[in-house]
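**Student:** Provided herewith: entry.pdb, PDB, C-alpha atoms and all ligand atoms.
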```pdb
MODEL        1
ATOM      1  CA  MET A 259       8.515 -31.559  14.534
ATOM      2  CA  ARG A 260       6.551 -32.245  11.363
ATOM      3  CA  ASP A 261       5.857 -35.430   9.375
ATOM      4  CA  ARG A 262       8.464 -37.514  11.205
ATOM      5  CA  GLN A 263      10.981 -34.818  10.598
ATOM      6  CA  LEU A 264      12.669 -32.545  13.064
ATOM      7  CA  LEU A 265      12.871 -28.901  12.013
ATOM      8  CA  LEU A 266      15.776 -26.986  13.464
ATOM      9  CA  ALA A 267      15.358 -23.234  13.518
ATOM     10  CA  ARG A 268      18.172 -21.108  12.169
ATOM     11  CA  ALA A 269      18.749 -17.396  12.063
ATOM     12  CA  ARG A 270      15.794 -15.325  10.908
ATOM     13  CA  GLY A 271      15.244 -15.427   7.178
ATOM     14  CA  LEU A 272      16.898 -18.807   6.755
ATOM     15  CA  GLU A 273      14.985 -22.012   6.102
ATOM     16  CA  PRO A 274      15.019 -24.447   9.058
ATOM     17  CA  ILE A 275      17.184 -27.561   8.778
ATOM     18  CA  THR A 276      15.130 -30.739   8.428
ATOM     19  CA  VAL A 277      16.298 -33.986   9.961
ATOM     20  CA  ALA A 278      14.542 -37.305   9.330
ATOM     21  CA  LEU A 279      13.854 -39.032  12.647
ATOM     22  CA  PRO A 280      14.748 -42.690  13.199
ATOM     23  CA  PRO A 281      11.644 -44.947  13.583
ATOM     24  CA  ALA A 282      12.055 -45.268  17.366
ATOM     25  CA  LEU A 283      11.727 -41.507  17.813
ATOM     26  CA  ALA A 284       9.294 -40.688  15.028
ATOM     27  CA  THR A 285       6.265 -41.918  16.984
ATOM     28  CA  LEU A 286       6.902 -39.776  20.087
ATOM     29  CA  PRO A 287       4.604 -36.783  20.624
ATOM     30  CA  PRO A 288       6.131 -33.359  19.850
ATOM     31  CA  ALA A 289       6.166 -32.455  23.559
ATOM     32  CA  SER A 290       8.715 -35.220  24.181
ATOM     33  CA  PHE A 291      11.447 -33.359  22.367
ATOM     34  CA  VAL A 292      13.078 -31.417  25.133
ATOM     35  CA  GLU A 293      16.286 -29.987  23.801
ATOM     36  CA  MET A 294      18.740 -30.095  20.948
ATOM     37  CA  ARG A 295      22.400 -29.384  21.543
ATOM     38  CA  LEU A 296      25.143 -28.760  19.064
ATOM     39  CA  VAL A 297      28.286 -30.405  20.380
ATOM     40  CA  TYR A 298      31.715 -30.121  18.851
ATOM     41  CA  ASP A 299      33.769 -33.302  18.727
ATOM     42  CA  ARG A 300      37.321 -32.095  19.097
ATOM     43  CA  VAL A 301      38.866 -35.332  17.944
ATOM     44  CA  GLY A 302      36.667 -35.926  14.908
ATOM     45  CA  HIS A 303      36.821 -32.183  14.069
ATOM     46  CA  ARG A 304      33.113 -32.018  13.432
ATOM     47  CA  TYR A 305      29.854 -31.050  15.063
ATOM     48  CA  GLN A 306      27.290 -33.498  16.401
ATOM     49  CA  TRP A 307      23.667 -32.980  17.351
ATOM     50  CA  HIS A 308      22.645 -34.309  20.739
ATOM     51  CA  LEU A 309      18.901 -34.693  21.115
ATOM     52  CA  VAL A 310      17.320 -34.836  24.576
ATOM     53  CA  VAL A 311      14.087 -36.818  24.639
ATOM     54  CA  ASP A 312      11.610 -37.283  27.474
ATOM     55  CA  ASP A 313      10.470 -40.890  27.101
ATOM     56  CA  ARG A 314       7.442 -40.302  29.364
ATOM     57  CA  CYS A 315       8.440 -43.215  31.566
ATOM     58  CA  GLU A 316       7.524 -42.358  35.137
ATOM     59  CA  PRO A 317      10.339 -43.173  37.563
ATOM     60  CA  PRO A 318       9.363 -45.983  39.935
ATOM     61  CA  GLY A 319       8.774 -45.430  43.639
ATOM     62  CA  ALA A 320      11.775 -45.686  45.961
ATOM     63  CA  PRO A 321      12.851 -49.309  46.519
ATOM     64  CA  GLY A 322      12.735 -48.887  50.307
ATOM     65  CA  GLU A 323      13.141 -46.539  53.257
ATOM     66  CA  GLN A 324      16.843 -46.666  54.037
ATOM     67  CA  THR A 325      19.134 -43.634  54.145
ATOM     68  CA  LEU A 326      22.598 -44.116  52.676
ATOM     69  CA  ALA A 327      25.435 -41.621  52.832
ATOM     70  CA  ALA A 328      28.320 -41.223  50.446
ATOM     71  CA  ASP A 329      31.688 -39.694  51.075
ATOM     72  CA  LEU A 330      33.327 -38.513  47.900
ATOM     73  CA  GLY A 331      36.679 -39.779  48.938
ATOM     74  CA  GLU A 332      40.158 -38.451  48.674
ATOM     75  CA  ILE A 333      41.626 -41.904  48.227
ATOM     76  CA  HIS A 334      38.770 -43.580  46.346
ATOM     77  CA  PRO A 335      35.971 -42.119  44.206
ATOM     78  CA  ALA A 336      33.305 -42.903  46.807
ATOM     79  CA  ALA A 337      32.596 -44.680  50.076
ATOM     80  CA  VAL A 338      28.964 -45.426  50.896
ATOM     81  CA  ALA A 339      27.685 -46.218  54.402
ATOM     82  CA  ASN A 340      24.327 -47.723  55.354
ATOM     83  CA  GLU A 341      22.386 -47.299  58.592
ATOM     84  CA  ALA A 342      24.081 -50.310  60.216
ATOM     85  CA  GLY A 343      27.575 -48.972  59.522
ATOM     86  CA  ASP A 344      28.469 -51.255  56.617
ATOM     87  CA  VAL A 345      30.745 -49.354  54.293
ATOM     88  CA  VAL A 346      31.332 -50.131  50.638
ATOM     89  CA  ILE A 347      34.294 -48.428  49.073
ATOM     90  CA  PHE A 348      34.017 -47.989  45.316
ATOM     91  CA  SER A 349      37.495 -47.934  43.971
ATOM     92  CA  ALA A 350      38.990 -47.406  40.541
ATOM     93  CA  ARG A 351      42.688 -47.770  40.315
ATOM     94  CA  ASP A 352      42.517 -47.046  36.595
ATOM     95  CA  LEU A 353      41.134 -43.608  37.190
ATOM     96  CA  ARG A 354      44.184 -42.701  39.149
ATOM     97  CA  ALA A 355      46.523 -44.207  36.582
ATOM     98  CA  LEU A 356      44.765 -42.334  33.795
ATOM     99  CA  ASN A 357      45.058 -39.122  35.709
ATOM    100  CA  GLN A 358      48.737 -39.531  36.456
ATOM    101  CA  TYR A 359      49.393 -40.437  32.849
ATOM    102  CA  ARG A 360      47.534 -37.331  31.688
ATOM    103  CA  TYR A 361      49.634 -35.007  33.835
ATOM    104  CA  LYS A 362      52.872 -36.680  32.845
ATOM    105  CA  ARG A 363      52.182 -36.593  29.094
ATOM    106  CA  LEU A 364      50.859 -33.050  29.167
ATOM    107  CA  ALA A 365      53.885 -31.793  31.037
ATOM    108  CA  SER A 366      56.246 -33.423  28.557
ATOM    109  CA  LEU A 367      54.337 -32.136  25.501
ATOM    110  CA  GLN A 368      54.242 -28.655  26.962
ATOM    111  CA  ALA A 369      57.938 -28.699  27.688
ATOM    112  CA  ARG A 370      58.712 -29.651  24.083
ATOM    113  CA  GLN A 371      56.263 -27.105  22.752
ATOM    114  CA  SER A 372      57.821 -24.317  24.767
ATOM    115  CA  ARG A 373      61.098 -24.773  22.902
ATOM    116  CA  LEU A 374      59.400 -24.242  19.544
ATOM    117  CA  LYS A 375      58.214 -21.109  17.834
ATOM    118  CA  ARG A 376      54.553 -20.529  18.590
ATOM    119  CA  GLY A 377      52.366 -21.364  15.593
ATOM    120  CA  SER A 378      55.148 -23.148  13.680
ATOM    121  CA  ARG A 379      54.435 -26.445  11.923
ATOM    122  CA  ARG A 380      56.032 -28.564  14.641
ATOM    123  CA  TRP A 381      54.402 -26.491  17.354
ATOM    124  CA  ARG A 382      50.987 -27.067  15.779
ATOM    125  CA  ARG A 383      51.657 -30.775  15.481
ATOM    126  CA  LEU A 384      52.363 -30.973  19.221
ATOM    127  CA  HIS A 385      49.273 -28.899  19.859
ATOM    128  CA  ARG A 386      47.123 -31.402  17.947
ATOM    129  CA  ARG A 387      48.602 -34.237  19.984
ATOM    130  CA  LYS A 388      47.764 -32.406  23.171
ATOM    131  CA  THR A 389      44.158 -31.924  22.099
ATOM    132  CA  PHE A 390      43.933 -35.566  21.059
ATOM    133  CA  LEU A 391      45.414 -36.767  24.328
ATOM    134  CA  LEU A 392      43.048 -34.641  26.417
ATOM    135  CA  ALA A 393      39.953 -35.631  24.470
ATOM    136  CA  ARG A 394      40.794 -39.328  24.643
ATOM    137  CA  ASN A 395      41.640 -39.093  28.318
ATOM    138  CA  ASN A 396      38.343 -37.322  29.050
ATOM    139  CA  ARG A 397      36.367 -40.013  27.257
ATOM    140  CA  GLN A 398      38.090 -42.790  29.209
ATOM    141  CA  ARG A 399      37.569 -40.934  32.466
ATOM    142  CA  ARG A 400      33.882 -40.353  31.807
ATOM    143  CA  ASP A 401      33.445 -43.988  30.922
ATOM    144  CA  ILE A 402      34.901 -45.014  34.289
ATOM    145  CA  GLU A 403      32.804 -42.407  36.105
ATOM    146  CA  HIS A 404      29.632 -43.745  34.485
ATOM    147  CA  LYS A 405      30.508 -47.276  35.570
ATOM    148  CA  ILE A 406      31.191 -46.243  39.144
ATOM    149  CA  THR A 407      28.017 -44.187  39.526
ATOM    150  CA  ARG A 408      26.089 -47.069  37.953
ATOM    151  CA  ALA A 409      27.566 -49.438  40.569
ATOM    152  CA  ILE A 410      26.664 -47.048  43.408
ATOM    153  CA  THR A 411      23.110 -46.817  42.069
ATOM    154  CA  THR A 412      22.792 -50.606  41.877
ATOM    155  CA  TYR A 413      24.067 -50.868  45.443
ATOM    156  CA  ALA A 414      21.572 -48.233  46.633
ATOM    157  CA  LYS A 415      18.759 -50.163  44.967
ATOM    158  CA  ASP A 416      19.878 -53.448  46.555
ATOM    159  CA  GLU A 417      20.031 -51.702  49.938
ATOM    160  CA  LYS A 418      16.443 -50.520  49.476
ATOM    161  CA  ALA A 419      17.373 -46.888  49.796
ATOM    162  CA  ARG A 420      15.003 -43.951  49.706
ATOM    163  CA  ARG A 421      17.748 -41.323  49.665
ATOM    164  CA  LEU A 422      21.472 -41.012  49.273
ATOM    165  CA  VAL A 423      23.051 -38.139  51.166
ATOM    166  CA  VAL A 424      26.267 -36.707  49.770
ATOM    167  CA  GLY A 425      28.661 -34.389  51.536
ATOM    168  CA  ASP A 426      28.681 -31.049  49.819
ATOM    169  CA  VAL A 427      32.239 -29.987  49.142
ATOM    170  CA  ARG A 428      31.088 -26.528  48.074
ATOM    171  CA  ASN A 429      30.347 -25.594  51.676
ATOM    172  CA  VAL A 430      33.725 -26.541  52.997
ATOM    173  CA  GLY A 431      36.011 -23.672  53.822
ATOM    174  CA  LYS A 432      39.694 -23.559  53.102
ATOM    175  CA  GLY A 433      41.902 -25.683  55.308
ATOM    176  CA  LYS A 434      39.111 -27.895  56.580
ATOM    177  CA  ARG A 435      39.586 -30.369  53.848
ATOM    178  CA  LEU A 436      41.460 -30.573  50.605
ATOM    179  CA  SER A 437      40.016 -28.113  48.148
ATOM    180  CA  ALA A 438      37.949 -29.616  45.339
ATOM    181  CA  THR A 439      40.773 -29.109  42.857
ATOM    182  CA  ASN A 440      43.248 -30.853  45.104
ATOM    183  CA  GLN A 441      40.859 -33.708  45.607
ATOM    184  CA  GLN A 442      40.563 -34.042  41.884
ATOM    185  CA  LYS A 443      44.308 -34.178  41.576
ATOM    186  CA  VAL A 444      44.457 -36.915  44.168
ATOM    187  CA  SER A 445      41.551 -39.004  42.966
ATOM    188  CA  GLY A 446      41.346 -37.969  39.323
ATOM    189  CA  TRP A 447      37.657 -37.640  39.936
ATOM    190  CA  SER A 448      35.284 -34.815  39.188
ATOM    191  CA  HIS A 449      32.876 -34.417  42.080
ATOM    192  CA  GLY A 450      30.552 -32.189  40.102
ATOM    193  CA  ARG A 451      30.160 -34.736  37.336
ATOM    194  CA  GLN A 452      29.874 -37.581  39.810
ATOM    195  CA  ILE A 453      26.950 -35.859  41.531
ATOM    196  CA  GLN A 454      25.368 -35.066  38.182
ATOM    197  CA  TYR A 455      25.596 -38.688  36.982
ATOM    198  CA  LEU A 456      24.434 -40.027  40.344
ATOM    199  CA  THR A 457      21.451 -37.694  40.517
ATOM    200  CA  TYR A 458      19.860 -38.894  37.310
ATOM    201  CA  LYS A 459      20.816 -42.547  37.676
ATOM    202  CA  LEU A 460      19.335 -42.630  41.196
ATOM    203  CA  ALA A 461      16.246 -40.689  40.088
ATOM    204  CA  ALA A 462      15.510 -43.377  37.515
ATOM    205  CA  GLU A 463      15.294 -45.825  40.452
ATOM    206  CA  GLY A 464      13.127 -43.511  42.537
ATOM    207  CA  ILE A 465      15.978 -42.592  44.917
ATOM    208  CA  THR A 466      16.727 -38.960  45.722
ATOM    209  CA  LEU A 467      20.160 -37.447  46.134
ATOM    210  CA  GLU A 468      20.494 -34.927  48.948
ATOM    211  CA  ARG A 469      23.434 -32.786  49.929
ATOM    212  CA  GLN A 470      24.594 -31.813  53.356
ATOM    213  CA  ASN A 471      27.452 -29.762  54.744
ATOM    214  CA  GLU A 472      30.374 -32.093  55.248
ATOM    215  CA  ALA A 473      32.666 -29.806  57.262
ATOM    216  CA  TYR A 474      35.081 -31.805  59.467
ATOM    217  CA  SER A 475      33.578 -35.150  58.407
ATOM    218  CA  SER A 476      36.971 -36.506  57.367
ATOM    219  CA  LYS A 477      38.816 -35.191  60.437
ATOM    220  CA  THR A 478      36.334 -36.088  63.155
ATOM    221  CA  CYS A 479      36.735 -39.497  64.801
ATOM    222  CA  CYS A 480      33.504 -41.469  64.326
ATOM    223  CA  GLY A 481      34.177 -43.177  67.687
ATOM    224  CA  CYS A 482      34.812 -40.325  70.106
ATOM    225  CA  GLY A 483      34.448 -37.072  68.186
ATOM    226  CA  ALA A 484      38.078 -35.980  68.556
ATOM    227  CA  GLN A 485      39.718 -34.194  65.654
ATOM    228  CA  ASN A 486      42.668 -35.864  63.969
ATOM    229  CA  LYS A 487      44.519 -35.040  60.813
ATOM    230  CA  PRO A 488      44.345 -38.199  58.725
ATOM    231  CA  ARG A 489      47.496 -39.240  56.888
ATOM    232  CA  GLY A 490      47.423 -41.721  54.053
ATOM    233  CA  ARG A 491      44.502 -44.087  53.749
ATOM    234  CA  THR A 492      44.155 -45.076  57.385
ATOM    235  CA  TYR A 493      42.395 -42.974  59.976
ATOM    236  CA  ARG A 494      43.945 -43.233  63.444
ATOM    237  CA  CYS A 495      42.497 -41.481  66.463
ATOM    238  CA  ALA A 496      45.074 -40.266  68.971
ATOM    239  CA  ALA A 497      42.359 -39.857  71.643
ATOM    240  CA  CYS A 498      40.562 -43.236  71.604
ATOM    241  CA  GLY A 499      42.834 -45.403  69.479
ATOM    242  CA  LEU A 500      40.247 -46.129  66.785
ATOM    243  CA  VAL A 501      41.752 -47.268  63.491
ATOM    244  CA  CYS A 502      39.714 -47.535  60.288
ATOM    245  CA  HIS A 503      39.820 -46.692  56.609
ATOM    246  CA  ARG A 504      39.906 -42.956  56.139
ATOM    247  CA  ASP A 505      37.042 -42.910  53.618
ATOM    248  CA  ALA A 506      34.985 -45.278  55.813
ATOM    249  CA  ASN A 507      35.328 -42.824  58.694
ATOM    250  CA  GLY A 508      34.093 -40.024  56.419
ATOM    251  CA  ALA A 509      31.187 -42.133  55.140
ATOM    252  CA  VAL A 510      29.826 -43.193  58.559
ATOM    253  CA  ASN A 511      30.141 -39.593  59.736
ATOM    254  CA  GLN A 512      28.009 -38.492  56.785
ATOM    255  CA  GLU A 513      25.515 -41.229  57.565
ATOM    256  CA  SER A 514      25.419 -40.278  61.241
ATOM    257  CA  LYS A 515      24.801 -36.648  60.375
ATOM    258  CA  ALA A 516      22.083 -37.525  57.865
ATOM    259  CA  LEU A 517      20.236 -39.666  60.429
ATOM    260  CA  PHE A 518      20.940 -37.938  63.758
ATOM    261  CA  GLY A 519      22.139 -34.464  62.825
ATOM    262  CA  SER A 520      25.668 -34.917  64.182
ATOM    263  CA  TYR A 521      28.708 -37.166  63.916
ATOM    264  CA  GLY A 522      29.560 -40.075  66.220
ATOM    265  CA  HIS A 523      26.360 -42.135  66.269
ATOM    266  CA  ILE A 524      27.540 -44.743  63.742
ATOM    267  CA  GLN A 525      30.825 -46.633  63.522
ATOM    268  CA  PRO A 526      32.032 -48.786  60.642
ATOM    269  CA  ARG A 527      30.770 -52.342  61.172
ATOM    270  CA  SER A 528      32.276 -53.754  57.995
ATOM    271  CA  THR A 529      34.305 -52.357  55.124
ATOM    272  CA  LYS A 530      34.171 -53.930  51.692
ATOM    273  CA  TYR A 531      35.623 -52.956  48.360
ATOM    274  CA  ARG A 532      33.934 -52.919  45.003
ATOM    275  CA  ARG A 533      35.887 -52.365  41.862
ATOM    276  CA  PRO A 534      33.157 -51.907  39.279
ATOM    277  CA  PHE A 535      35.599 -51.132  36.574
ATOM    278  CA  ARG A 536      38.788 -52.981  36.024
ATOM    279  CA  ARG A 537      40.727 -52.964  32.865
ATOM    280  CA  SER A 538      43.672 -55.306  32.971
ATOM    281  CA  SER A 539      46.971 -53.560  33.515
ATOM    282  CA  ARG A 540      47.965 -54.843  30.089
ATOM    283  CA  ASP A 541      45.196 -52.794  28.478
ATOM    284  CA  THR A 542      46.153 -49.639  30.306
ATOM    285  CA  GLY A 543      49.721 -50.258  29.231
ATOM    286  CA  ASN A 544      48.656 -50.595  25.623
ATOM    287  CA  VAL A 545      46.806 -47.312  25.724
ATOM    288  CA  ALA A 546      49.847 -45.695  27.251
ATOM    289  CA  ARG A 547      52.228 -47.252  24.732
ATOM    290  CA  SER A 548      50.122 -46.383  21.705
ATOM    291  CA  LEU A 549      49.993 -42.793  22.890
ATOM    292  CA  GLU A 550      53.731 -42.839  23.410
ATOM    293  CA  ARG A 551      54.167 -43.956  19.819
ATOM    294  CA  GLU A 552      51.880 -41.226  18.536
ATOM    295  CA  ALA A 553      53.782 -38.675  20.544
ATOM    296  CA  ALA A 554      57.251 -39.885  19.596
ATOM    297  CA  PRO A 555      59.327 -37.363  17.658
ATOM    298  CA  GLN A 556      59.307 -37.966  13.928
TER     299      GLN A 556
HETATM  300 ZN    ZN B   1      38.476 -41.312  68.666
ENDMDL
END
```
Please re-express this file's structure in C-alpha cells.

**Tutor:**
Amino acid sequence: MRDRQLLLARARGLEPITVALPPALATLPPASFVEMRLVYDRVGHRYQWHLVVDDRCEPPGAPGEQTLAADLGEIHPAAVANEAGDVVIFSARDLRALNQYRYKRLASLQARQSRLKRGSRRWRRLHRRKTFLLARNNRQRRDIEHKITRAITTYAKDEKARRLVVGDVRNVGKGKRLSATNQQKVSGWSHGRQIQYLTYKLAAEGITLERQNEAYSSKTCCGCGAQNKPRGRTYRCAACGLVCHRDANGAVNQESKALFGSYGHIQPRSTKYRRPFRRSSRDTGNVARSLEREAAPQ
C-alpha cells in the first residue's frame, strides 16, 4: 500500500497494478490488508478482486455461559438445542425447492445437450444456459445459507451462549448416517459452508464453534438409548414409545453429549420452528418461470 493506493504485484519484471482505495479503506494501516483474491464471475464473464481487510475490531466476550448444540439436519438445515432441552428448528423450504429445481433443470438440459453434436452452436448455447443456471442457483442458495446462519447466531446470542457444538459429519462412517452427499441431496444444504459461515458469524459475537463426533446421534433414542432407524421426519422409539421430531432427537443428543459426554441426559422439552428466510411461493415461481423462458427452445 502506498499513498492511498494498493499496489498489486505481478510477475517479475512487470510493473505492479495500482488501485485507488475508497476513502473508508484508505485510512487503515498497511497491516490491515490481509489478502487479495482474484475471483472469476462466471455469469458476468469477468474477474473481480476480493479484498480481505482486518478492521481491528476485537470480538466481544461471550454473551453468557450456556452450551448449545446443533444438529445439521437431514430434514431441515439445522436444529439447535439448549441445556433445558428447548429445540429450535431452522427451516428453509425454499432451499429444498431451489435444489429440486436445479436437479430437474440440469437433467433436462443435459438430456437435450446429449442429442447434439459436442461443440456445435446449439450445444454451446445449452452449455451457457447450464452455467447460467448453476451460477444463479448457487447465489440464491448462498443467500439463504447466510440468512439461516445469521438467524442461528442471533439465537445463540439471545440464549447467552458461550459455545455452539456441532456434530462432525466427517467422523461418521458409512451406514451410520446418510453420507454428506446424500444429506446435501436431501436438504440442499452444504454442511461445510454452513460451518464456515457459522464459525465467523459466531466468532464476531464471542461464541466459539466446536465439533464433536456425532456417530449414532440420529439413531439413538434420547429417552432410553435404544437404536431405531428413523423414517421420515418423526422419530419413533420401538423400545420406549417416545415420539419426537427426528432433528430434535438429534439435537438433544448432541447437547447431551456436549454436556455429559453421552446421549440420553436431555430430552426435548419444546420444539419450535424458525423460518428466517421466506420468499413467497409466487417469487419462487417467477424465478422458475423466467428460467423456463430462457431455456425454452428457440
Ligand atoms: Zn426409547

**Student:** Ranking A:Ser448, A:Ser372, A:Gln485, A:Asn340 by minimum distance to Tyr413 of chain A and counting all atoms listed in the file, which one comes first?

**Tutor:** A:Asn340

**Student:** The centre and edge lengths of an axis-aligned box containing all atoms of segment 284-293 of chain A present in the file, extended by 5 Å on each side, are to be given in Å to one decimal, as JSON.

**Tutor:**
```
{"center_x": 10.4, "center_y": -36.0, "center_z": 20.1, "size_x": 21.7, "size_y": 21.9, "size_z": 20.1}
```

**Student:** Starting from the displayed file, determine the output of the PyMOL selection byres (((chain A and resi 308) around 6) and not hetatm) and express the residue list as a PyMOL selection string.

**Tutor:** chain A and resi 294-295+307+309

**Student:** Report the residues retrieved by the PyMOL selection byres (((chain A and resi 469) around 8) and not hetatm) from the displayed file, expressed as a PyMOL selection string.

**Tutor:** chain A and resi 423-426+467-468+470-471

**Student:** Taking all atoms listed in the file into account, which of A:Gly377, A:Cys502, A:Val346, A:Ala365 comes nearest ligand ZN 1 (chain B)?

**Tutor:** A:Cys502

**Student:** Using the chain letters and numbers from this file, what does the PyMOL selection byres (((not hetatm)) within 8 of (chain B and resi 1)) select? Give the answer as a PyMOL selection string.

**Tutor:** chain A and resi 478-485+494-500

**Student:** Produce a file of the selected residues containing C-alpha atoms, as a PDB file, in the coordinates of the input.

**Tutor:**
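Written out: selection-v6.pdb:
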```
ATOM      1  CA  THR A 478      36.334 -36.088  63.155  1.00  0.00           C
ATOM      2  CA  CYS A 479      36.735 -39.497  64.801  1.00  0.00           C
ATOM      3  CA  CYS A 480      33.504 -41.469  64.326  1.00  0.00           C
ATOM      4  CA  GLY A 481      34.177 -43.177  67.687  1.00  0.00           C
ATOM      5  CA  CYS A 482      34.812 -40.325  70.106  1.00  0.00           C
ATOM      6  CA  GLY A 483      34.448 -37.072  68.186  1.00  0.00           C
ATOM      7  CA  ALA A 484      38.078 -35.980  68.556  1.00  0.00           C
ATOM      8  CA  GLN A 485      39.718 -34.194  65.654  1.00  0.00           C
ATOM      9  CA  ARG A 494      43.945 -43.233  63.444  1.00  0.00           C
ATOM     10  CA  CYS A 495      42.497 -41.481  66.463  1.00  0.00           C
ATOM     11  CA  ALA A 496      45.074 -40.266  68.971  1.00  0.00           C
ATOM     12  CA  ALA A 497      42.359 -39.857  71.643  1.00  0.00           C
ATOM     13  CA  CYS A 498      40.562 -43.236  71.604  1.00  0.00           C
ATOM     14  CA  GLY A 499      42.834 -45.403  69.479  1.00  0.00           C
ATOM     15  CA  LEU A 500      40.247 -46.129  66.785  1.00  0.00           C
TER      16      LEU A 500
END
```

**Student:** Under the rule that only C-alpha atoms are counted, which of A:Ile410, A:Ala419, A:Leu353, A:Ala337 is the nearest residue to Pro321 of chain A?

**Tutor:**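 The closest residue to Pro321 of chain A is A:Ala419.
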
**Student:** Between A:Asp401, A:Glu463, A:Asp344, A:Asp313, single out the one closest to Ala327 of chain A, counting all atoms listed in the file.

**Tutor:** A:Asp344

**Student:** Looking at A:Arg379, A:Arg533, A:Lys515, A:Arg268, which one is nearest to Ala409 of chain A, with distances taken over only C-alpha atoms?

**Tutor:**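 Smallest separation from Ala409 of chain A among the options: A:Arg533.
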
**Student:** Have a look at atom CA of Pro274 of chain A and atom CA of Asp299 of chain A and let me know their distance in Å, one decimal.

**Tutor:** 22.9 Å

**Student:** Go ahead and compute the interatomic distance for atom CA of Ala289 of chain A and atom CA of Ala461 of chain A, in Å to one decimal.

**Tutor:**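 Going from atom CA of Ala289 of chain A over to atom CA of Ala461 of chain A covers 21.0 Å.
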
**Student:** Between A:Cys315, A:Ile347, A:Leu422, A:Ala282, single out the one closest to Asn507 of chain A, counting all atoms listed in the file.

**Tutor:**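 Under the stated criterion, the closest residue is A:Ile347.
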
**Student:** Can you work out the spacing between atom CA of Leu367 of chain A and atom CA of Asp352 of chain A in Å, to one decimal?

**Tutor:**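 Interatomic distance, atom CA of Leu367 of chain A to atom CA of Asp352 of chain A: 22.0 Å.
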
**Student:** Fewer than 4 positions away in the same chain doesn't count, so skip those; otherwise give me all residues within 10 Å of Pro287 of chain A, counting all atoms listed in the file, as number ranges by chain.

**Tutor:** A: 259, 283, 291, 312-314
